[in-house]
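K.L.:
Next up, input13.cif (mmCIF, C-alpha atoms).
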data_query
loop_
_atom_site.label_atom_id
_atom_site.label_comp_id
_atom_site.auth_asym_id
_atom_site.auth_seq_id
_atom_site.Cartn_x
_atom_site.Cartn_y
_atom_site.Cartn_z
CA MET M 1 28.07 2.17 29.10
CA VAL M 2 24.84 3.61 27.70
CA LYS M 3 23.51 6.43 29.90
CA ARG M 4 19.89 5.72 30.83
CA LYS M 5 16.99 7.99 31.58
CA MET M 6 13.57 7.09 32.90
CA LEU M 7 10.38 7.48 30.92
CA ALA M 8 6.94 7.56 32.53
CA ALA M 9 4.15 5.47 30.96
CA ASP M 10 0.68 4.41 32.07
CA GLU M 11 0.81 1.16 34.00
CA GLY M 12 -1.32 -0.74 31.49
CA LEU M 13 0.83 0.34 28.57
CA ALA M 14 4.04 -0.46 30.44
CA GLU M 15 2.74 -3.95 31.22
CA GLU M 16 1.81 -4.47 27.59
CA MET M 17 5.36 -3.43 26.63
CA VAL M 18 6.78 -6.00 29.04
CA ARG M 19 4.50 -8.70 27.64
CA ILE M 20 5.43 -7.99 23.99
CA ALA M 21 9.16 -7.75 24.80
CA GLU M 22 9.00 -11.10 26.60
CA LYS M 23 7.15 -12.69 23.70
CA ARG M 24 9.83 -11.47 21.32
CA GLY M 25 12.64 -12.57 23.59
CA GLN M 26 13.89 -9.01 24.08
CA THR M 27 14.62 -7.01 27.19
CA LEU M 28 12.19 -4.20 27.89
CA PHE M 29 15.03 -1.74 27.47
CA SER M 30 15.98 -2.91 23.96
CA PHE M 31 12.34 -3.22 22.88
CA VAL M 32 11.38 0.29 24.00
CA ASN M 33 14.60 1.60 22.51
CA GLU M 34 13.67 0.08 19.14
CA VAL M 35 10.12 1.47 19.30
CA LEU M 36 11.29 4.98 20.02
CA GLU M 37 13.95 4.79 17.31
CA GLN M 38 11.20 3.93 14.84
CA ALA M 39 9.17 6.92 16.04
CA VAL M 40 12.13 9.16 15.22
CA ARG M 41 12.58 7.42 11.87
CA ALA M 42 8.90 7.89 10.96
CA HIS M 43 9.14 11.54 11.93
CA ASP M 44 12.18 11.95 9.67
CA MET M 45 10.06 10.52 6.85
CA GLY M 46 7.52 13.25 7.52
CA LEU M 47 5.02 10.80 9.04
CA THR M 48 3.61 9.90 12.42
CA LEU M 49 3.77 6.33 13.68
CA LYS M 50 -0.02 6.28 13.77
CA ARG M 51 -0.18 7.09 10.06
CA VAL M 52 2.48 4.44 9.31
CA VAL M 53 0.62 1.72 11.23
CA ASP M 54 -2.73 2.84 9.75
CA GLU M 55 -1.34 2.55 6.24
CA ARG M 56 0.02 -0.94 6.91
CA GLY M 57 -3.44 -1.98 8.07
CA VAL M 58 -5.13 -0.49 5.03
CA VAL M 59 -2.73 -2.13 2.57
CA GLU M 60 -3.24 -5.44 4.36
CA ALA M 61 -7.02 -5.03 4.06
CA MET M 62 -6.67 -4.21 0.35
CA ARG M 63 -4.50 -7.26 -0.21
CA GLU M 64 -7.12 -9.42 1.50
CA ALA M 65 -9.79 -7.77 -0.64
CA GLY M 66 -8.02 -8.76 -3.88
CA PHE M 67 -6.28 -5.56 -4.85
CA VAL M 68 -2.77 -5.36 -6.28
CA LEU M 69 -0.32 -2.58 -6.95
CA ALA M 70 0.02 -1.66 -10.61
CA VAL M 71 1.94 1.00 -12.48
CA LYS M 72 -0.57 3.77 -13.10
CA THR M 73 0.26 4.38 -16.77
CA LEU M 74 -0.04 0.66 -17.60
CA TRP M 75 -3.20 0.30 -15.56
CA PHE M 76 -4.90 3.27 -17.22
CA ASP M 77 -3.73 2.10 -20.67
CA VAL M 78 -5.12 -1.43 -20.36
CA VAL M 79 -8.36 -0.14 -18.88
CA ASP M 80 -8.69 2.38 -21.69
CA GLY M 81 -7.73 -0.21 -24.30
CA ALA M 82 -10.28 -2.79 -23.13
CA PHE M 83 -12.91 -0.08 -22.68
CA LYS M 84 -12.50 1.13 -26.26
CA ARG M 85 -12.49 -2.38 -27.70
CA GLY M 86 -16.10 -3.04 -26.91
CA ALA M 87 -15.84 -4.21 -23.32
CA LYS M 88 -17.40 -1.09 -21.80
CA ARG M 89 -20.62 -2.67 -20.60
CA SER M 90 -19.02 -5.77 -19.12
CA MET M 91 -16.30 -3.70 -17.50
CA LEU M 92 -18.77 -1.33 -15.87
CA LYS M 93 -20.59 -4.36 -14.52
CA LYS M 94 -17.37 -5.88 -13.23
CA TRP M 95 -16.30 -2.66 -11.50
CA CYS M 96 -19.72 -2.24 -9.95
CA GLU M 97 -19.55 -5.83 -8.65
CA THR M 98 -16.05 -5.19 -7.29
CA GLY M 99 -17.29 -2.05 -5.54
CA ARG M 100 -20.25 -3.94 -4.11
CA TRP M 101 -17.97 -6.65 -2.83
CA TYR M 102 -15.66 -4.06 -1.34
CA GLY M 103 -18.55 -2.24 0.36
CA LYS M 104 -19.67 -5.53 1.90
CA PHE M 105 -16.12 -6.18 2.97
CA PHE M 106 -16.18 -2.95 4.99
CA VAL M 107 -19.61 -3.69 6.40
CA ALA M 108 -18.18 -6.96 7.67
CA LYS M 109 -14.83 -5.54 8.79
CA LYS M 110 -15.72 -2.18 10.27
CA SER M 111 -19.26 -2.70 11.33
CA GLU M 112 -19.37 0.41 13.59
CA ASN M 113 -18.86 2.90 10.78
CA PRO M 114 -18.33 1.15 7.45
CA VAL M 115 -18.68 4.35 5.39
CA GLU M 116 -15.85 5.97 7.30
CA GLY M 117 -13.73 2.83 6.93
CA PHE M 118 -14.40 2.76 3.20
CA ARG M 119 -13.63 6.48 2.83
CA ASP M 120 -10.37 6.20 4.78
CA ALA M 121 -9.26 3.20 2.76
CA VAL M 122 -9.97 4.90 -0.56
CA CYS M 123 -8.27 8.12 0.65
CA ASN M 124 -5.21 6.15 1.66
CA LEU M 125 -5.05 4.29 -1.59
CA MET M 126 -6.08 6.89 -4.12
CA TRP M 127 -2.51 8.00 -4.43
CA GLY M 128 -3.17 9.81 -7.69
CA ALA M 129 -6.34 11.61 -6.67
CA SER M 130 -6.07 15.20 -5.54
CA GLU M 131 -9.38 15.01 -3.70
CA PHE M 132 -11.62 12.27 -2.42
CA ASP M 133 -14.29 12.65 0.20
CA ILE M 134 -17.58 11.14 1.34
CA GLU M 135 -19.95 13.21 3.43
CA VAL M 136 -23.05 11.78 5.08
CA ASN M 137 -25.66 13.79 6.96
CA ASN M 138 -29.07 12.60 8.10
CA GLY M 139 -29.11 9.64 5.76
CA GLU M 140 -28.05 11.66 2.72
CA GLY M 141 -24.63 12.30 1.34
CA GLU M 142 -22.22 13.04 -1.45
CA VAL M 143 -19.05 11.48 -2.84
CA ARG M 144 -16.56 13.75 -4.56
CA CYS M 145 -13.49 12.57 -6.42
CA ILE M 146 -11.16 14.77 -8.43
CA SER M 147 -8.06 13.61 -10.26
CA ALA M 148 -6.64 15.46 -13.24
CA ASP M 149 -4.89 12.39 -14.65
CA PHE M 150 -7.84 9.97 -14.71
CA PRO M 151 -8.82 9.25 -18.32
CA LEU M 152 -12.56 9.36 -19.01
CA SER M 153 -12.73 5.54 -19.22
CA TYR M 154 -11.16 5.15 -15.79
CA THR M 155 -13.34 7.89 -14.31
CA GLU M 156 -16.48 6.12 -15.55
CA LEU M 157 -15.30 2.78 -14.22
CA PHE M 158 -14.31 4.21 -10.87
CA SER M 159 -17.72 5.84 -10.55
CA ALA M 160 -19.28 2.40 -11.15
CA PHE M 161 -17.04 1.02 -8.38
CA LEU M 162 -18.19 3.77 -6.01
CA GLY M 163 -21.82 3.19 -6.96
CA GLY M 164 -21.48 -0.52 -6.19
CA ALA M 165 -19.77 0.19 -2.86
CA LEU M 166 -22.46 2.69 -1.82
CA GLU M 167 -25.16 0.18 -2.63
CA ALA M 168 -23.48 -2.43 -0.43
CA LEU M 169 -23.13 0.18 2.33
CA GLY M 170 -26.91 0.61 2.25
CA TYR M 171 -27.32 3.69 0.05
CA ARG M 172 -28.99 4.43 -3.26
CA CYS M 173 -27.52 6.85 -5.84
CA THR M 174 -29.89 9.77 -6.51
CA GLU M 175 -27.65 11.84 -8.79
CA LYS M 176 -24.47 11.09 -10.65
CA ASP M 177 -22.24 13.53 -12.50
CA VAL M 178 -19.18 12.06 -14.20
CA SER M 179 -16.72 13.81 -16.50
CA LYS M 180 -13.02 13.20 -17.16
CA GLY M 181 -11.27 13.20 -13.79
CA VAL M 182 -14.31 14.39 -11.85
CA ILE M 183 -16.96 12.30 -10.06
CA ARG M 184 -19.84 13.60 -7.99
CA ILE M 185 -22.42 11.17 -6.67
CA ARG M 186 -25.32 12.12 -4.41
CA PHE M 187 -26.96 9.32 -2.44
CA LYS M 188 -29.44 8.55 0.32
CA VAL M 189 -30.24 5.65 2.58
CA GLU M 190 -31.85 2.80 0.65
CA GLY M 191 -35.62 2.88 0.98
CA GLU M 192 -35.85 6.54 2.03
CA GLY M 193 -37.81 9.09 -0.01
CA GLU M 194 -39.31 6.52 -2.39
CA MET I 1 -11.20 13.69 40.49
CA SER I 2 -11.76 10.50 42.37
CA LYS I 3 -8.76 8.47 43.42
CA GLY I 4 -9.80 5.58 41.17
CA ALA I 5 -9.56 7.75 38.04
CA VAL I 6 -5.86 8.51 38.54
CA LYS I 7 -3.80 6.38 36.23
CA GLU I 8 -0.82 4.67 37.78
CA ARG I 9 2.40 5.32 35.95
CA LYS I 10 5.49 3.19 35.69
CA LEU I 11 9.01 4.19 34.78
CA ILE I 12 10.75 2.62 31.81
CA ALA I 13 14.48 2.96 31.22
CA VAL I 14 15.59 4.32 27.82
CA PRO I 15 18.96 5.45 26.47
CA GLY I 16 19.71 9.05 27.47
CA GLU I 17 20.82 9.99 23.95
CA LEU I 18 17.52 8.76 22.52
CA VAL I 19 15.56 10.81 25.06
CA ARG I 20 17.40 13.92 23.89
CA GLU I 21 16.58 13.08 20.25
CA LEU I 22 12.94 12.33 21.10
CA ASN I 23 12.66 15.62 22.93
CA GLU I 24 13.82 17.46 19.82
CA VAL I 25 11.45 15.53 17.56
CA ALA I 26 8.49 16.09 19.92
CA ASN I 27 9.29 19.80 20.04
CA ARG I 28 9.47 20.02 16.27
CA ALA I 29 6.16 18.16 16.01
CA GLY I 30 4.66 20.52 18.61
CA VAL I 31 3.62 17.60 20.83
CA PRO I 32 4.41 17.27 24.57
CA PHE I 33 7.22 14.79 25.17
CA TYR I 34 5.10 12.49 27.32
CA GLU I 35 2.31 12.38 24.74
CA PHE I 36 4.77 11.70 21.93
CA THR I 37 6.41 8.75 23.65
CA VAL I 38 3.15 7.23 24.88
CA GLU I 39 1.76 7.48 21.35
CA ALA I 40 4.85 5.67 20.01
CA LEU I 41 4.48 2.89 22.58
CA GLY I 42 0.78 2.60 21.80
CA GLN I 43 1.53 2.20 18.08
CA ALA I 44 4.02 -0.56 18.91
CA VAL I 45 1.17 -2.40 20.63
CA ARG I 46 -1.01 -1.95 17.54
CA ALA I 47 1.77 -3.24 15.28
CA SER I 48 2.23 -6.22 17.57
CA ARG I 49 -1.49 -7.03 17.30
CA MET I 50 -0.97 -7.05 13.52
CA LYS I 51 1.80 -9.58 14.20
CA ARG I 52 4.45 -7.14 12.98
CA THR I 53 7.27 -5.28 14.60
CA LEU I 54 7.27 -1.51 14.34
CA ARG I 55 10.51 -1.71 12.37
CA GLU I 56 8.82 -3.96 9.79
CA VAL I 57 5.89 -1.56 9.55
CA VAL I 58 8.12 1.49 9.06
CA ASP I 59 10.27 -0.43 6.54
CA PHE I 60 7.13 -1.34 4.63
CA CYS I 61 5.93 2.25 4.62
CA GLU I 62 9.30 3.45 3.35
CA LEU I 63 9.20 0.98 0.47
CA MET I 64 5.62 1.96 -0.31
CA GLU I 65 6.76 5.57 -0.55
CA VAL I 66 9.26 4.51 -3.21
CA GLN I 67 6.50 2.74 -5.14
CA ARG I 68 4.04 5.58 -4.71
CA ALA I 69 6.56 8.06 -6.09
CA ALA I 70 7.16 5.70 -9.03
CA GLY I 71 3.49 5.97 -9.97
CA PHE I 72 2.15 2.74 -8.53
CA VAL I 73 -1.56 2.69 -7.73
CA VAL I 74 -3.94 0.15 -6.31
CA ALA I 75 -6.01 -1.84 -8.77
CA PRO I 76 -8.54 -4.64 -8.35
CA LYS I 77 -6.68 -7.74 -9.48
CA GLU I 78 -9.71 -9.34 -11.08
CA VAL I 79 -10.44 -6.30 -13.24
CA LEU I 80 -6.78 -5.88 -14.20
CA ASN I 81 -6.66 -9.53 -15.27
CA TYR I 82 -9.86 -9.15 -17.21
CA CYS I 83 -8.53 -6.12 -19.13
CA VAL I 84 -5.21 -7.79 -19.88
CA GLN I 85 -6.89 -10.95 -21.10
CA ARG I 86 -9.27 -8.95 -23.29
CA LEU I 87 -6.35 -7.27 -25.01
CA TYR I 88 -3.66 -9.93 -24.93
CA LEU I 89 -4.74 -12.11 -27.82
CA ALA I 90 -4.68 -9.28 -30.34
CA GLU I 91 -2.11 -7.02 -28.73
CA GLY I 92 0.14 -9.25 -26.64
CA GLU I 93 3.31 -8.09 -28.38
CA GLN I 94 2.42 -4.44 -27.83
CA LEU I 95 1.58 -5.04 -24.17
CA ARG I 96 4.88 -6.83 -23.58
CA LYS I 97 6.67 -3.84 -25.14
CA MET I 98 4.73 -1.47 -22.89
CA TRP I 99 5.60 -3.50 -19.78
CA MET I 100 9.25 -3.63 -20.82
CA GLY I 101 9.32 0.12 -21.43
CA VAL I 102 7.85 0.83 -18.02
CA GLY I 103 10.31 -1.66 -16.49
CA GLU I 104 13.19 0.25 -18.12
CA TRP I 105 11.89 3.48 -16.68
CA TYR I 106 11.47 1.89 -13.28
CA GLY I 107 15.05 0.60 -13.29
CA LYS I 108 16.32 4.10 -14.05
CA TYR I 109 14.06 5.54 -11.38
CA LEU I 110 15.44 3.14 -8.78
CA GLN I 111 19.01 4.01 -9.76
CA ALA I 112 18.28 7.69 -9.32
CA ARG I 113 16.27 7.28 -6.14
CA LEU I 114 18.40 4.71 -4.34
CA ARG I 115 21.82 6.21 -4.96
CA GLY I 116 24.52 4.37 -3.05
CA GLU I 117 22.36 1.29 -2.37
CA ASP I 118 22.56 -2.12 -4.00
CA VAL I 119 19.81 -1.40 -6.53
CA VAL I 120 19.39 -5.01 -7.71
CA GLU I 121 18.86 -6.13 -4.13
CA SER I 122 16.45 -3.25 -3.51
CA PHE I 123 14.55 -4.09 -6.69
CA GLY I 124 13.99 -7.61 -5.37
CA ARG I 125 12.86 -6.28 -2.01
CA LEU I 126 10.44 -3.82 -3.60
CA MET I 127 8.96 -6.52 -5.79
CA ARG I 128 8.46 -8.82 -2.81
CA VAL I 129 6.76 -6.09 -0.79
CA SER I 130 4.54 -4.60 -3.44
CA ARG I 131 3.74 -7.59 -5.66
CA TRP I 132 1.92 -9.52 -3.00
CA ASP I 133 0.43 -11.71 -5.73
CA LEU I 134 3.89 -13.29 -6.02
CA ASP I 135 4.63 -16.07 -3.57
CA GLU I 136 8.37 -15.93 -4.18
CA PHE I 137 10.58 -13.44 -5.96
CA GLU I 138 14.25 -14.05 -5.44
CA LEU I 139 17.07 -12.21 -7.19
CA LYS I 140 20.45 -13.75 -6.48
CA LYS I 141 23.60 -11.89 -7.41
CA GLU I 142 26.83 -13.77 -8.01
CA ASP I 143 29.79 -12.00 -9.64
CA ASP I 144 28.43 -10.61 -12.90
CA THR I 145 25.37 -12.85 -12.96
CA VAL I 146 21.92 -12.38 -11.47
CA THR I 147 19.38 -15.19 -11.34
CA LEU I 148 15.67 -14.71 -10.79
CA ARG I 149 13.35 -17.31 -9.39
CA CYS I 150 9.73 -16.33 -9.16
CA VAL I 151 6.73 -18.42 -8.17
CA SER I 152 3.11 -17.37 -8.00
CA PHE I 153 -0.04 -19.42 -7.86
CA ALA I 154 -2.08 -16.36 -8.86
CA LEU I 155 -0.43 -15.47 -12.17
CA SER I 156 -1.95 -16.33 -15.53
CA VAL I 157 0.30 -17.07 -18.52
CA GLU I 158 -0.29 -13.51 -19.73
CA ASP I 159 0.67 -12.05 -16.32
CA THR I 160 3.75 -14.24 -16.25
CA GLU I 161 4.90 -13.00 -19.67
CA LEU I 162 4.23 -9.37 -18.76
CA LEU I 163 6.08 -9.73 -15.48
CA MET I 164 9.08 -11.14 -17.36
CA SER I 165 9.01 -8.17 -19.76
CA PHE I 166 8.87 -5.73 -16.84
CA VAL I 167 11.78 -7.42 -15.06
CA GLU I 168 13.78 -7.60 -18.29
CA GLY I 169 13.27 -3.86 -18.81
CA ALA I 170 14.23 -2.99 -15.24
CA MET I 171 17.30 -5.24 -15.23
CA GLY I 172 18.33 -3.79 -18.60
CA SER I 173 18.41 -0.33 -17.04
CA LEU I 174 20.43 -1.72 -14.14
CA GLY I 175 23.08 -2.94 -16.60
CA TYR I 176 22.07 -6.57 -17.12
CA GLU I 177 20.91 -8.49 -20.17
CA VAL I 178 18.97 -11.72 -20.37
CA LYS I 179 21.12 -14.79 -20.90
CA GLU I 180 18.56 -17.51 -20.26
CA ARG I 181 14.85 -17.63 -19.56
CA ASP I 182 12.40 -20.36 -18.82
CA TYR I 183 8.81 -20.04 -17.75
CA VAL I 184 5.44 -21.69 -17.43
CA LYS I 185 2.26 -20.23 -15.95
CA GLY I 186 3.22 -18.67 -12.60
CA ILE I 187 6.85 -19.87 -12.58
CA VAL I 188 9.75 -17.85 -13.96
CA SER I 189 13.42 -18.59 -14.03
CA MET I 190 15.73 -16.03 -15.65
CA LYS I 191 19.48 -15.53 -15.78
CA PHE I 192 21.01 -12.12 -16.44
CA ILE I 193 24.60 -11.20 -17.12
CA CYS I 194 26.26 -7.86 -16.69
CA LYS I 195 26.40 -5.98 -19.99
CA LYS I 196 29.91 -5.47 -21.26
CA VAL I 197 30.81 -1.78 -21.23
#
With the file now loaded, output its structure as C-alpha cells.
P.N.:
Amino acid sequence: MVKRKMLAADEGLAEEMVRIAEKRGQTLFSFVNEVLEQAVRAHDMGLTLKRVVDERGVVEAMREAGFVLAVKTLWFDVVDGAFKRGAKRSMLKKWCETGRWYGKFFVAKKSENPVEGFRDAVCNLMWGASEFDIEVNNGEGEVRCISADFPLSYTELFSAFLGGALEALGYRCTEKDVSKGVIRIRFKVEGEGE
Amino acid sequence: MSKGAVKERKLIAVPGELVRELNEVANRAGVPFYEFTVEALGQAVRASRMKRTLREVVDFCELMEVQRAAGFVVAPKEVLNYCVQRLYLAEGEQLRKMWMGVGEWYGKYLQARLRGEDVVESFGRLMRVSRWDLDEFELKKEDDTVTLRCVSFALSVEDTELLMSFVEGAMGSLGYEVKERDYVKGIVSMKFICKKV
C-alpha cells in the first residue's frame, strides 16, 4: 500500500483541486499526485511549472495570431531569396502590416499592459536572439534586439515588424538604427512632442 | 493581523515517496516546500483553465525543446507563404532540394537526440505538435512499411510539395525510401519501405 503524507494548501486552492479532479473523473489523491509528478519532471528539465505553462500560453497565442514554426535556415534563406529578387519593398510592407496586426492583437488580448505582453511573447519566441528587450519610461522607450545569426535582410524585415507593432501599441518611432543582427528603435507615445 | 485575513488551510493526501522527492527538488530550487507545492497546484489550475492537463503542457514543452534545439523558429505564416510563392516558380526545384536536405538533417538529429525511442513515431508526434497548420499527420508503421497520411486546409500546392520533400528527407535518414506518393493541394499520401541494408 502506498504510504501517504499530508500536504497543506490554502482552502480555495484545495477546493479548486477537488473541482478539477471531479471534472476529470479522478480522485483528488491521483490528481494531486500527477500534478506534483509533473512539477518534478519540469524541474528535471531545468524549468519551473510556471515557465512551462507560460510558454504553452504564448505558443497558443502565436498559433492564433497566424504564426508557424519553421526551420531557421530555410526561413532565413527564403526571406533572403525573396528580398534579393526585388520583393524588398512589398516584403517590408507585409512585415510592417504583420507587426501592426500583432500589436493590435496584444492590445485586444492583454489590455492592461500590452507592451509587456508583446515583449514577453517576442522574448519567448525569439529562440535565436541573444537579446531582446523593450523599455518604456514616461511615454518614451527603446527596443533592442541582438542576434548574431540574423542576415541583414531578416534584420531589416524584423525591424519593420517591430515598427508596425509599436505603432499599433500607440507609439511612434523617433529613431531607428538597423545593421546586420542588431536593431535599436527609439519611440515615444503617439502625438507627444510634435 | 485581523482574524479575517488568516487563510484557512486544508490537508491533501499525497504519496509519501513523492513528498520526499518534492522536498529534495524544492531544496535544490531554494524554495520552501510549502511554496513549491502550492505553486505547482496553482499552475495545474492555470493549465486546466487552458483546457489542458499539466502532463499535456509539460509534454508539449518537452517536444518544443526538441524543436528549438533543432533550429526551429517562429515565423508569420503569411509572410513565409509569400516568400515561398515569390521564389517557387523560378526556383521550385532548388527549394525542394533545400527542404529535403534539411529533412535529412532533421532525421539524423532525431536519431541522435532520441536514442532508444521509436524515432518514426516520435517524428510523427513532433510534426503534429509543431506543425499546427496541419490538421492531420499520421505515420503508421507496419512491418517494414510506413504510410503517411497528411491533411491540411491551410497548405498551398507549394507548401504541400515542400512538406513532402522534408518528410522524404527525414524518412530517408531514418532508413526508409519512398515507394509510392500521391498528393493534391493540402493532402498527402506516401508509402515508405525500409531500405535494404
K.L.:
Mind telling me what the PyMOL selection byres ((chain M) within 7 of (chain I)) catches here, as a PyMOL selection string?
P.N.:
chain M and resi 2-11+14+29+32-33+35-36+38-40+42+49-50+52-53+56+66-72+78-79+82+94+125+127
K.L.:
Those same residues - C-alpha atoms - I'd like them written as a short mmCIF file (atom, residue, chain, number, x, y, z; two decimals), in the frame of the given file.
P.N.:
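See out.cif below for the written result:
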data_model
loop_
_atom_site.label_atom_id
_atom_site.label_comp_id
_atom_site.auth_asym_id
_atom_site.auth_seq_id
_atom_site.Cartn_x
_atom_site.Cartn_y
_atom_site.Cartn_z
CA VAL M 2 24.84 3.61 27.70
CA LYS M 3 23.51 6.43 29.90
CA ARG M 4 19.89 5.72 30.83
CA LYS M 5 16.99 7.99 31.58
CA MET M 6 13.57 7.09 32.90
CA LEU M 7 10.38 7.48 30.92
CA ALA M 8 6.94 7.56 32.53
CA ALA M 9 4.15 5.47 30.96
CA ASP M 10 0.68 4.41 32.07
CA GLU M 11 0.81 1.16 34.00
CA ALA M 14 4.04 -0.46 30.44
CA PHE M 29 15.03 -1.74 27.47
CA VAL M 32 11.38 0.29 24.00
CA ASN M 33 14.60 1.60 22.51
CA VAL M 35 10.12 1.47 19.30
CA LEU M 36 11.29 4.98 20.02
CA GLN M 38 11.20 3.93 14.84
CA ALA M 39 9.17 6.92 16.04
CA VAL M 40 12.13 9.16 15.22
CA ALA M 42 8.90 7.89 10.96
CA LEU M 49 3.77 6.33 13.68
CA LYS M 50 -0.02 6.28 13.77
CA VAL M 52 2.48 4.44 9.31
CA VAL M 53 0.62 1.72 11.23
CA ARG M 56 0.02 -0.94 6.91
CA GLY M 66 -8.02 -8.76 -3.88
CA PHE M 67 -6.28 -5.56 -4.85
CA VAL M 68 -2.77 -5.36 -6.28
CA LEU M 69 -0.32 -2.58 -6.95
CA ALA M 70 0.02 -1.66 -10.61
CA VAL M 71 1.94 1.00 -12.48
CA LYS M 72 -0.57 3.77 -13.10
CA VAL M 78 -5.12 -1.43 -20.36
CA VAL M 79 -8.36 -0.14 -18.88
CA ALA M 82 -10.28 -2.79 -23.13
CA LYS M 94 -17.37 -5.88 -13.23
CA LEU M 125 -5.05 4.29 -1.59
CA TRP M 127 -2.51 8.00 -4.43
#
K.L.:
Would you work out the distance separating atom CA of I:Gly172 from atom CA of I:Ser152, expressed in Å to one decimal?
P.N.:
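Distance between the two atoms: 23.0 Å.
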K.L.:
Take the PyMOL selection byres ((chain M and resi 95-100) around 8), run it mentally on this structure, and tell me the resulting residues as a VMD selection string.
P.N.:
(chain M and resid 91 to 94 101 to 104 157 to 158 160 to 168) or (chain I and resid 76 79)
K.L.:
Convert the output of the PyMOL selection byres ((chain I and resi 158) around 9) on the shown file into explicit residues, formatted as a PyMOL selection string.
P.N.:
chain I and resi 81+84-85+88+92+155-157+159-163+185
K.L.:
Those same residues - C-alpha atoms - I'd like them written as a PDB file, in the frame of the given file.
P.N.:
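Final file, out_0.pdb:
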ATOM      1  CA  ASN I  81      -6.660  -9.530 -15.270  1.00  0.00           C
ATOM      2  CA  VAL I  84      -5.210  -7.790 -19.880  1.00  0.00           C
ATOM      3  CA  GLN I  85      -6.890 -10.950 -21.100  1.00  0.00           C
ATOM      4  CA  TYR I  88      -3.660  -9.930 -24.930  1.00  0.00           C
ATOM      5  CA  GLY I  92       0.140  -9.250 -26.640  1.00  0.00           C
ATOM      6  CA  LEU I 155      -0.430 -15.470 -12.170  1.00  0.00           C
ATOM      7  CA  SER I 156      -1.950 -16.330 -15.530  1.00  0.00           C
ATOM      8  CA  VAL I 157       0.300 -17.070 -18.520  1.00  0.00           C
ATOM      9  CA  ASP I 159       0.670 -12.050 -16.320  1.00  0.00           C
ATOM     10  CA  THR I 160       3.750 -14.240 -16.250  1.00  0.00           C
ATOM     11  CA  GLU I 161       4.900 -13.000 -19.670  1.00  0.00           C
ATOM     12  CA  LEU I 162       4.230  -9.370 -18.760  1.00  0.00           C
ATOM     13  CA  LEU I 163       6.080  -9.730 -15.480  1.00  0.00           C
ATOM     14  CA  LYS I 185       2.260 -20.230 -15.950  1.00  0.00           C
TER      15      LYS I 185
END
K.L.:
Report, in Å with one decimal, the straight-line distance from atom CA of I:Asp135 to atom CA of I:Val151.
P.N.:
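Separation between atom CA of I:Asp135 and atom CA of I:Val151: 5.6 Å.
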K.L.:
What is the distance, in Å and to one decimal place, between atom CA of M:Arg24 and atom CA of M:Glu55?
P.N.:
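A separation of 23.4 Å between them.
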K.L.:
Could you check the closest approach to I:Leu63 for each of I:Gly186, I:Glu177, I:Arg125, I:Leu89 and tell me which residue wins, using only C-alpha atoms?
P.N.:
I:Arg125
K.L.:
Name the residues, using the chain letters and numbers of the file, that sit within 12 Å of (-6.4, 4.6, -21.1) when counting all atoms listed in the file, and give them as a PyMOL selection string.
P.N.:
(chain M and resi 72-85+149-157+180) or (chain I and resi 83)
K.L.:
Taking into account all atoms listed in the file, which residue in the set I:Leu126, I:Val119, I:Ala112, I:Val188 is nearest to I:Met171?
P.N.:
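The closest residue to I:Met171 is I:Val119.
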K.L.:
Of the residues M:Gly12, M:Gly191, M:Gly46, M:Gly181, which is the one nearest to M:Ser130, using all atoms listed in the file?
P.N.:
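The answer is M:Gly181, which sits nearest to M:Ser130.
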